[in-house]
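Have a look at the structure below, then the notes.
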Amino acid sequence: MNLTAMKRWLVVACGASLVVSIPNVAHAADPATGLEVRNEVRAGFSSARFPGANSSRVPFVVSLREAWESGANKWSAARRASFAQSASVRSADVGLSAKANADRGDRDPAQWLPAPSQRCAYVAKWIAVKKAWNLSADPAEAARLGRFVATCEALPVPTTTIPTNAPVRPAPSTTAASAPTTTTTTVIPVAGSSVVDLLATIRIVPEYTVGYDRDLFPHWKDLDGDGCDTRKEVLIRDSRTTPVIGSSCTVTTGTWFSPYDGVTWTNPSDVDIDHVVALNEAWQSGAYAWSTQQRTNYANDLTDDRTLLAVTDSVNQSKSDKDPTEWLPPLATYRCTYLAHWVSVKARWSLTMDQAEHAVVKSALAGCANQTAPAAPALPTASPAANTLTTAPAASTTGGRVTGFVRPGAFCTPFGATGVSDKGVTYTCKPSETESRNRWRP
């Protein structure tokens, strides 16, 4: 044995036993990606080790198996639950189609990458998630990621934060990492401009066509706590005469002009409240990656009159969730205004368009002289009255324990939180044997 080998290995023969001493090798961070490089742990994975993993239908950026093999095998069950339910790890925001997500499966970037136009954004998001959760990369993965970091111009690495209630694994240096602070995004209103200019700001991305459920958008809620739900608020707002309002904010009569077909109604039962960009269309255009609160805000948006309109019920039903490639208002003189509203809503909520939709809208707007999009207000934020159906204090979660009363059966987050109803009964935020989404359950 040469001198170098002797320094690395100490082999001692003790009878029939052979004892091998191997030095402790540090796992350095890859200089290109900043990720710790180490071999994957291939044994022991089960999705059941990530409580609440089925609470959303949106695919993970870094799959559960990949997370397990990259370090989550050492996490507590609570931390794995936080990962499984974090919106930031479920939304790649690079427009991967359902087919692409299915094709990818559990493969990492060493084995699979999306179309060239999406690769830089995908690699950036992959690195951001792994960094935020202190996950490692295996040598092949790190090498391929490093090549893309070097070639992608100004790689836009998104900011990904861990929920503040998630326990944090010590960093490789053995110094405990502190939990990142959850940040609030400041939304800049869409400035008034020509609709064509506004259209040019909307990304063209294939639609995400799986997983939609209307219940994922809690709608017709009384978010401001004034006793009137969103449908009633729009009926009151859009009535051209002073509406008659009964008990429980019931709108009994008014005068509603439907801009879609030019018909006037006085009975509210003849009027539907239309989401100009339908909930399913919003889901396919990016809302699949939103939190429940964002989808609630969208479904009940009263801050911009272009989001919700009172229209003839049968016309709204014929529109359903179609985009402008399939449906435009039967009243031709309103179509330019409708398209301007469509573009404004999509731009304001950072929703995308598919190629056909964008082409049709752009072509149709060419015949709309000087169509402008007035400046939009800032997006609505969470309201303390959101989803509150009783007079009990609104519940808030601190360290997994809820202060205030919870509403039994209501959707909740995070998994494993506990709270008490106004009847004094303790409930836990969890899925059931028949439903994967978290609700307050006894």
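By order of appearance in the structure tokens: chains A, B, ..., then residues from 1 within every chain, and ligands from 1 in the order shown.
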
For A:Thr241: contacts at 10 Å, only C-alpha atoms, fewer than 4 positions along chain excluded, given as a PDB file with N, CA and C atoms, in the first residue's frame:
```
ATOM      1  N   ILE A 236     -76.962  44.586  -6.590  1.00  0.00           N
ATOM      2  CA  ILE A 236     -77.181  45.940  -6.068  1.00  0.00           C
ATOM      3  C   ILE A 236     -76.376  46.948  -6.874  1.00  0.00           C
ATOM      4  N   ARG A 237     -75.124  46.620  -7.145  1.00  0.00           N
ATOM      5  CA  ARG A 237     -74.239  47.536  -7.874  1.00  0.00           C
ATOM      6  C   ARG A 237     -74.716  47.799  -9.292  1.00  0.00           C
ATOM      7  N   THR A 253     -86.337  43.167  -6.286  1.00  0.00           N
ATOM      8  CA  THR A 253     -86.556  43.775  -7.601  1.00  0.00           C
ATOM      9  C   THR A 253     -85.460  44.800  -7.875  1.00  0.00           C
ATOM     10  N   GLY A 254     -85.330  45.143  -9.153  1.00  0.00           N
ATOM     11  CA  GLY A 254     -84.368  46.125  -9.611  1.00  0.00           C
ATOM     12  C   GLY A 254     -84.475  46.212 -11.120  1.00  0.00           C
ATOM     13  N   THR A 255     -83.522  46.863 -11.758  1.00  0.00           N
ATOM     14  CA  THR A 255     -83.513  46.945 -13.221  1.00  0.00           C
ATOM     15  C   THR A 255     -82.104  46.647 -13.711  1.00  0.00           C
ATOM     16  N   TRP A 256     -81.974  45.564 -14.450  1.00  0.00           N
ATOM     17  CA  TRP A 256     -80.649  45.142 -14.896  1.00  0.00           C
ATOM     18  C   TRP A 256     -80.600  45.083 -16.423  1.00  0.00           C
ATOM     19  N   THR A 266     -86.158  42.874 -14.735  1.00  0.00           N
ATOM     20  CA  THR A 266     -86.539  43.449 -13.441  1.00  0.00           C
ATOM     21  C   THR A 266     -86.622  42.385 -12.349  1.00  0.00           C
TER      22      THR A 266
END
```

Within stretch 125-358 of chain A, find each residue whose DSSP state, derived from the backbone, is helix (DSSP H, G or I), and express the selection as a compact mmCIF listing (two decimals) with N, CA and C atoms, in the first residue's frame.
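Written output follows (selection27.txt):
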```txt
# COMPACT_ATOMS: atom_id res chain seq x y z
N LYS A 125 -36.81 27.51 -11.12
CA LYS A 125 -37.77 27.17 -10.08
C LYS A 125 -37.33 25.92 -9.32
N TRP A 126 -36.78 24.95 -10.02
CA TRP A 126 -36.28 23.72 -9.38
C TRP A 126 -35.21 24.06 -8.34
N ILE A 127 -34.25 24.89 -8.74
CA ILE A 127 -33.18 25.28 -7.83
C ILE A 127 -33.75 26.06 -6.64
N ALA A 128 -34.70 26.97 -6.92
CA ALA A 128 -35.28 27.80 -5.86
C ALA A 128 -35.97 26.94 -4.79
N VAL A 129 -36.73 25.94 -5.23
CA VAL A 129 -37.42 25.07 -4.27
C VAL A 129 -36.43 24.26 -3.46
N LYS A 130 -35.42 23.70 -4.13
CA LYS A 130 -34.43 22.88 -3.41
C LYS A 130 -33.64 23.73 -2.41
N LYS A 131 -33.31 24.95 -2.79
CA LYS A 131 -32.59 25.81 -1.86
C LYS A 131 -33.45 26.15 -0.65
N ALA A 132 -34.69 26.51 -0.90
CA ALA A 132 -35.58 26.94 0.19
C ALA A 132 -35.77 25.84 1.22
N PRO A 139 -24.91 14.15 -8.07
CA PRO A 139 -23.86 14.69 -8.95
C PRO A 139 -24.32 14.92 -10.39
N ALA A 140 -25.07 13.98 -10.96
CA ALA A 140 -25.52 14.15 -12.35
C ALA A 140 -26.49 15.31 -12.47
N GLU A 141 -27.40 15.40 -11.52
CA GLU A 141 -28.38 16.49 -11.50
C GLU A 141 -27.68 17.84 -11.37
N ALA A 142 -26.74 17.93 -10.42
CA ALA A 142 -26.02 19.19 -10.21
C ALA A 142 -25.23 19.61 -11.45
N ALA A 143 -24.64 18.63 -12.13
CA ALA A 143 -23.84 18.93 -13.32
C ALA A 143 -24.71 19.51 -14.43
N ARG A 144 -25.90 18.91 -14.64
CA ARG A 144 -26.75 19.40 -15.72
C ARG A 144 -27.38 20.75 -15.35
N LEU A 145 -27.77 20.90 -14.09
CA LEU A 145 -28.30 22.19 -13.66
C LEU A 145 -27.25 23.28 -13.83
N GLY A 146 -26.01 22.95 -13.47
CA GLY A 146 -24.93 23.91 -13.58
C GLY A 146 -24.72 24.40 -15.01
N ARG A 147 -24.86 23.49 -15.97
CA ARG A 147 -24.70 23.89 -17.37
C ARG A 147 -25.77 24.89 -17.78
N PHE A 148 -26.99 24.70 -17.29
CA PHE A 148 -28.06 25.62 -17.67
C PHE A 148 -27.93 26.95 -16.95
N VAL A 149 -27.44 26.93 -15.70
CA VAL A 149 -27.21 28.18 -15.00
C VAL A 149 -26.20 29.02 -15.77
N ALA A 150 -25.22 28.35 -16.34
CA ALA A 150 -24.16 29.05 -17.07
C ALA A 150 -24.64 29.60 -18.41
N THR A 151 -25.62 28.94 -19.02
CA THR A 151 -26.03 29.34 -20.37
C THR A 151 -27.29 30.18 -20.41
N VAL A 195 -55.64 48.59 -25.27
CA VAL A 195 -55.84 47.17 -25.00
C VAL A 195 -54.80 46.33 -25.75
N VAL A 196 -54.43 46.78 -26.94
CA VAL A 196 -53.43 46.04 -27.72
C VAL A 196 -52.09 46.03 -26.98
N ASP A 197 -51.71 47.16 -26.39
CA ASP A 197 -50.47 47.21 -25.62
C ASP A 197 -50.56 46.31 -24.39
N LEU A 198 -51.73 46.30 -23.74
CA LEU A 198 -51.92 45.46 -22.57
C LEU A 198 -51.87 43.99 -22.95
N LEU A 199 -52.44 43.65 -24.10
CA LEU A 199 -52.41 42.28 -24.59
C LEU A 199 -50.98 41.79 -24.77
N ARG A 214 -65.05 23.50 -9.43
CA ARG A 214 -65.59 24.82 -9.08
C ARG A 214 -65.44 25.10 -7.58
N ASP A 215 -65.47 24.04 -6.77
CA ASP A 215 -65.34 24.22 -5.33
C ASP A 215 -63.95 24.70 -4.93
N LEU A 216 -62.98 24.64 -5.85
CA LEU A 216 -61.64 25.16 -5.55
C LEU A 216 -61.64 26.69 -5.54
N THR A 230 -71.47 38.02 -2.53
CA THR A 230 -70.98 38.68 -3.74
C THR A 230 -72.05 38.77 -4.82
N ARG A 231 -72.87 37.74 -4.99
CA ARG A 231 -73.94 37.81 -6.00
C ARG A 231 -74.87 38.99 -5.70
N LYS A 232 -75.27 39.11 -4.45
CA LYS A 232 -76.19 40.19 -4.08
C LYS A 232 -75.52 41.55 -4.23
N GLU A 233 -74.23 41.62 -3.91
CA GLU A 233 -73.50 42.88 -4.07
C GLU A 233 -73.50 43.34 -5.53
N VAL A 234 -73.32 42.40 -6.47
CA VAL A 234 -73.28 42.78 -7.88
C VAL A 234 -74.68 43.16 -8.36
N LEU A 235 -75.70 42.45 -7.90
CA LEU A 235 -77.08 42.82 -8.26
C LEU A 235 -77.37 44.25 -7.80
N ILE A 236 -76.96 44.59 -6.59
CA ILE A 236 -77.18 45.94 -6.07
C ILE A 236 -76.38 46.95 -6.87
N ARG A 237 -75.12 46.62 -7.15
CA ARG A 237 -74.24 47.54 -7.87
C ARG A 237 -74.72 47.80 -9.29
N ASP A 238 -75.16 46.77 -10.00
CA ASP A 238 -75.47 46.89 -11.42
C ASP A 238 -76.92 47.28 -11.71
N SER A 247 -84.93 41.21 3.86
CA SER A 247 -84.12 40.68 4.95
C SER A 247 -82.99 39.82 4.40
N SER A 248 -81.93 39.69 5.16
CA SER A 248 -80.75 38.91 4.77
C SER A 248 -80.19 39.37 3.43
N CYS A 249 -80.36 40.67 3.14
CA CYS A 249 -79.84 41.27 1.90
C CYS A 249 -80.44 40.62 0.66
N PRO A 268 -84.63 39.49 -10.43
CA PRO A 268 -83.25 39.02 -10.28
C PRO A 268 -83.07 37.54 -10.63
N SER A 269 -84.14 36.77 -10.65
CA SER A 269 -84.01 35.35 -11.02
C SER A 269 -83.68 35.17 -12.49
N ASP A 270 -83.88 36.24 -13.29
CA ASP A 270 -83.54 36.17 -14.72
C ASP A 270 -82.10 36.59 -14.98
N LEU A 279 -64.24 30.80 -14.13
CA LEU A 279 -63.37 30.17 -13.13
C LEU A 279 -62.52 29.07 -13.75
N ASN A 280 -63.12 28.25 -14.61
CA ASN A 280 -62.35 27.17 -15.25
C ASN A 280 -61.26 27.75 -16.15
N GLU A 281 -61.62 28.82 -16.87
CA GLU A 281 -60.63 29.47 -17.74
C GLU A 281 -59.49 30.06 -16.90
N ALA A 282 -59.84 30.65 -15.76
CA ALA A 282 -58.80 31.18 -14.87
C ALA A 282 -57.90 30.06 -14.37
N TRP A 283 -58.50 28.93 -13.98
CA TRP A 283 -57.73 27.77 -13.52
C TRP A 283 -56.73 27.34 -14.59
N GLN A 284 -57.20 27.20 -15.82
CA GLN A 284 -56.34 26.73 -16.90
C GLN A 284 -55.26 27.75 -17.26
N ALA A 287 -54.52 29.99 -12.41
CA ALA A 287 -55.09 29.96 -11.06
C ALA A 287 -54.94 28.59 -10.40
N TYR A 288 -54.57 27.56 -11.20
CA TYR A 288 -54.29 26.25 -10.60
C TYR A 288 -53.15 26.35 -9.58
N ALA A 289 -52.31 27.35 -9.75
CA ALA A 289 -51.15 27.51 -8.86
C ALA A 289 -51.42 28.48 -7.71
N THR A 292 -55.85 29.02 -1.96
CA THR A 292 -57.31 29.09 -1.84
C THR A 292 -57.75 30.53 -1.61
N GLN A 293 -56.96 31.29 -0.84
CA GLN A 293 -57.33 32.69 -0.59
C GLN A 293 -57.31 33.50 -1.88
N GLN A 294 -56.32 33.28 -2.75
CA GLN A 294 -56.27 34.00 -4.02
C GLN A 294 -57.47 33.65 -4.88
N ARG A 295 -57.82 32.35 -4.92
CA ARG A 295 -58.98 31.95 -5.73
C ARG A 295 -60.28 32.50 -5.15
N THR A 296 -60.35 32.60 -3.82
CA THR A 296 -61.53 33.19 -3.19
C THR A 296 -61.62 34.67 -3.56
N ASN A 297 -60.51 35.36 -3.51
CA ASN A 297 -60.49 36.78 -3.87
C ASN A 297 -60.93 36.98 -5.32
N TYR A 298 -60.45 36.11 -6.20
CA TYR A 298 -60.82 36.23 -7.62
C TYR A 298 -62.31 35.97 -7.82
N ALA A 299 -62.81 34.90 -7.22
CA ALA A 299 -64.20 34.50 -7.43
C ALA A 299 -65.19 35.52 -6.87
N ASP A 313 -79.41 35.30 -17.74
CA ASP A 313 -78.98 33.97 -17.28
C ASP A 313 -78.75 32.99 -18.42
N SER A 314 -79.65 32.97 -19.41
CA SER A 314 -79.52 31.99 -20.51
C SER A 314 -78.29 32.29 -21.36
N VAL A 315 -77.97 33.57 -21.52
CA VAL A 315 -76.78 33.95 -22.30
C VAL A 315 -75.52 33.54 -21.55
N ASN A 316 -75.52 33.76 -20.24
CA ASN A 316 -74.38 33.34 -19.43
C ASN A 316 -74.19 31.83 -19.51
N GLN A 317 -75.29 31.09 -19.50
CA GLN A 317 -75.19 29.64 -19.58
C GLN A 317 -74.67 29.19 -20.94
N SER A 318 -75.00 29.92 -22.00
CA SER A 318 -74.47 29.57 -23.32
C SER A 318 -72.97 29.87 -23.41
N LYS A 319 -72.54 30.89 -22.69
CA LYS A 319 -71.11 31.21 -22.65
C LYS A 319 -70.36 30.15 -21.86
N ALA A 332 -73.29 42.45 -31.06
CA ALA A 332 -72.02 42.73 -31.73
C ALA A 332 -71.40 44.04 -31.28
N THR A 333 -72.22 45.05 -30.95
CA THR A 333 -71.67 46.35 -30.57
C THR A 333 -70.96 46.32 -29.22
N TYR A 334 -71.13 45.26 -28.47
CA TYR A 334 -70.48 45.16 -27.16
C TYR A 334 -69.19 44.35 -27.22
N ARG A 335 -68.90 43.75 -28.34
CA ARG A 335 -67.78 42.80 -28.39
C ARG A 335 -66.43 43.45 -28.12
N CYS A 336 -66.21 44.65 -28.62
CA CYS A 336 -64.93 45.30 -28.37
C CYS A 336 -64.75 45.58 -26.88
N THR A 337 -65.83 46.02 -26.23
CA THR A 337 -65.76 46.25 -24.78
C THR A 337 -65.51 44.95 -24.04
N TYR A 338 -66.17 43.88 -24.47
CA TYR A 338 -65.99 42.58 -23.83
C TYR A 338 -64.54 42.12 -23.95
N LEU A 339 -63.96 42.27 -25.13
CA LEU A 339 -62.57 41.85 -25.32
C LEU A 339 -61.62 42.70 -24.48
N ALA A 340 -61.94 43.99 -24.37
CA ALA A 340 -61.11 44.86 -23.52
C ALA A 340 -61.18 44.41 -22.07
N HIS A 341 -62.39 44.04 -21.62
CA HIS A 341 -62.53 43.53 -20.25
C HIS A 341 -61.76 42.23 -20.09
N TRP A 342 -61.85 41.35 -21.07
CA TRP A 342 -61.18 40.05 -21.01
C TRP A 342 -59.67 40.23 -20.84
N VAL A 343 -59.09 41.10 -21.67
CA VAL A 343 -57.65 41.35 -21.61
C VAL A 343 -57.28 42.01 -20.28
N SER A 344 -58.09 42.96 -19.83
CA SER A 344 -57.80 43.67 -18.59
C SER A 344 -57.80 42.72 -17.39
N VAL A 345 -58.80 41.83 -17.32
CA VAL A 345 -58.87 40.88 -16.21
C VAL A 345 -57.67 39.94 -16.23
N LYS A 346 -57.35 39.43 -17.42
CA LYS A 346 -56.21 38.50 -17.50
C LYS A 346 -54.90 39.18 -17.13
N ALA A 347 -54.71 40.40 -17.59
CA ALA A 347 -53.47 41.11 -17.28
C ALA A 347 -53.39 41.45 -15.80
N ARG A 348 -54.50 41.88 -15.24
CA ARG A 348 -54.51 42.29 -13.83
C ARG A 348 -54.20 41.13 -12.90
N GLN A 355 -52.12 29.97 -27.33
CA GLN A 355 -51.78 30.57 -28.61
C GLN A 355 -53.01 30.94 -29.43
N ALA A 356 -53.99 30.04 -29.50
CA ALA A 356 -55.19 30.30 -30.30
C ALA A 356 -55.99 31.47 -29.73
N GLU A 357 -56.14 31.48 -28.42
CA GLU A 357 -56.88 32.57 -27.75
C GLU A 357 -56.22 33.91 -28.03
N HIS A 358 -54.91 33.97 -27.86
CA HIS A 358 -54.18 35.22 -28.08
C HIS A 358 -54.35 35.70 -29.51
```

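Interatomic distance, atom CA of A:Leu379 against atom CA of A:Asp222: 17.1 Å.
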
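Among the candidates A:Glu66, A:Asp305, A:Asp272, A:Glu207, the residue lying nearest to A:Trp220 is A:Asp272 (atoms considered: only C-alpha atoms).
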
| request: Per DSSP on the backbone, filter stretch 230-335 of chain A down to the residues in strand (DSSP E) and report them as a PyMOL selection string. | output: chain A and resi 244-245+251-253+256-258+263-265+271-275+308-312

Go ahead and write the residues just picked, C-alpha atoms, as an mmCIF file, in the first residue's frame.
```
data_model
loop_
_atom_site.group_PDB
_atom_site.id
_atom_site.type_symbol
_atom_site.label_atom_id
_atom_site.label_comp_id
_atom_site.auth_asym_id
_atom_site.auth_seq_id
_atom_site.Cartn_x
_atom_site.Cartn_y
_atom_site.Cartn_z
ATOM 1 C CA VAL A 244 -85.573 46.681 -3.329
ATOM 2 C CA ILE A 245 -83.688 44.770 -0.648
ATOM 3 C CA VAL A 251 -82.681 41.562 -3.619
ATOM 4 C CA THR A 252 -86.312 41.311 -4.704
ATOM 5 C CA THR A 253 -86.556 43.775 -7.601
ATOM 6 C CA TRP A 256 -80.649 45.142 -14.896
ATOM 7 C CA PHE A 257 -79.417 45.766 -18.430
ATOM 8 C CA SER A 258 -77.497 42.799 -19.810
ATOM 9 C CA VAL A 263 -81.999 42.925 -22.772
ATOM 10 C CA THR A 264 -83.389 44.554 -19.603
ATOM 11 C CA TRP A 265 -84.701 42.537 -16.643
ATOM 12 C CA VAL A 271 -80.040 37.483 -14.059
ATOM 13 C CA ASP A 272 -76.778 35.583 -13.604
ATOM 14 C CA ILE A 273 -73.548 37.033 -12.263
ATOM 15 C CA ASP A 274 -70.896 36.188 -14.843
ATOM 16 C CA HIS A 275 -67.177 35.883 -14.236
ATOM 17 C CA LEU A 308 -68.104 40.324 -12.547
ATOM 18 C CA LEU A 309 -71.163 41.402 -14.548
ATOM 19 C CA ALA A 310 -74.933 40.975 -14.164
ATOM 20 C CA VAL A 311 -76.168 39.422 -17.432
ATOM 21 C CA THR A 312 -79.069 37.422 -18.864
#
```

| query | Of the candidates A:Ala359, A:Ala364, A:Ala98, A:Ala53, which shows the shortest atom-to-atom distance to A:Ile202, using only C-alpha atoms? | reply | A:Ala359

| Which one of A:Gly225, A:Pro109, A:Pro408, A:Gly262 sits closest to A:Tyr122 if you count only C-alpha atoms? | A:Pro109

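Those residues that approach A:Glu40 to within 9 Å, counting only C-alpha atoms, are Glu66, Trp68, Glu69, Ser70, Gly71, Ser136, Ala137 and Asp138 of chain A; same-chain residues fewer than 4 positions away are not listed.
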
| Expressed in Å to a single decimal, how great is the separation between atom CA of A:Phe45 and atom CA of A:Arg65? | 6.4 Å
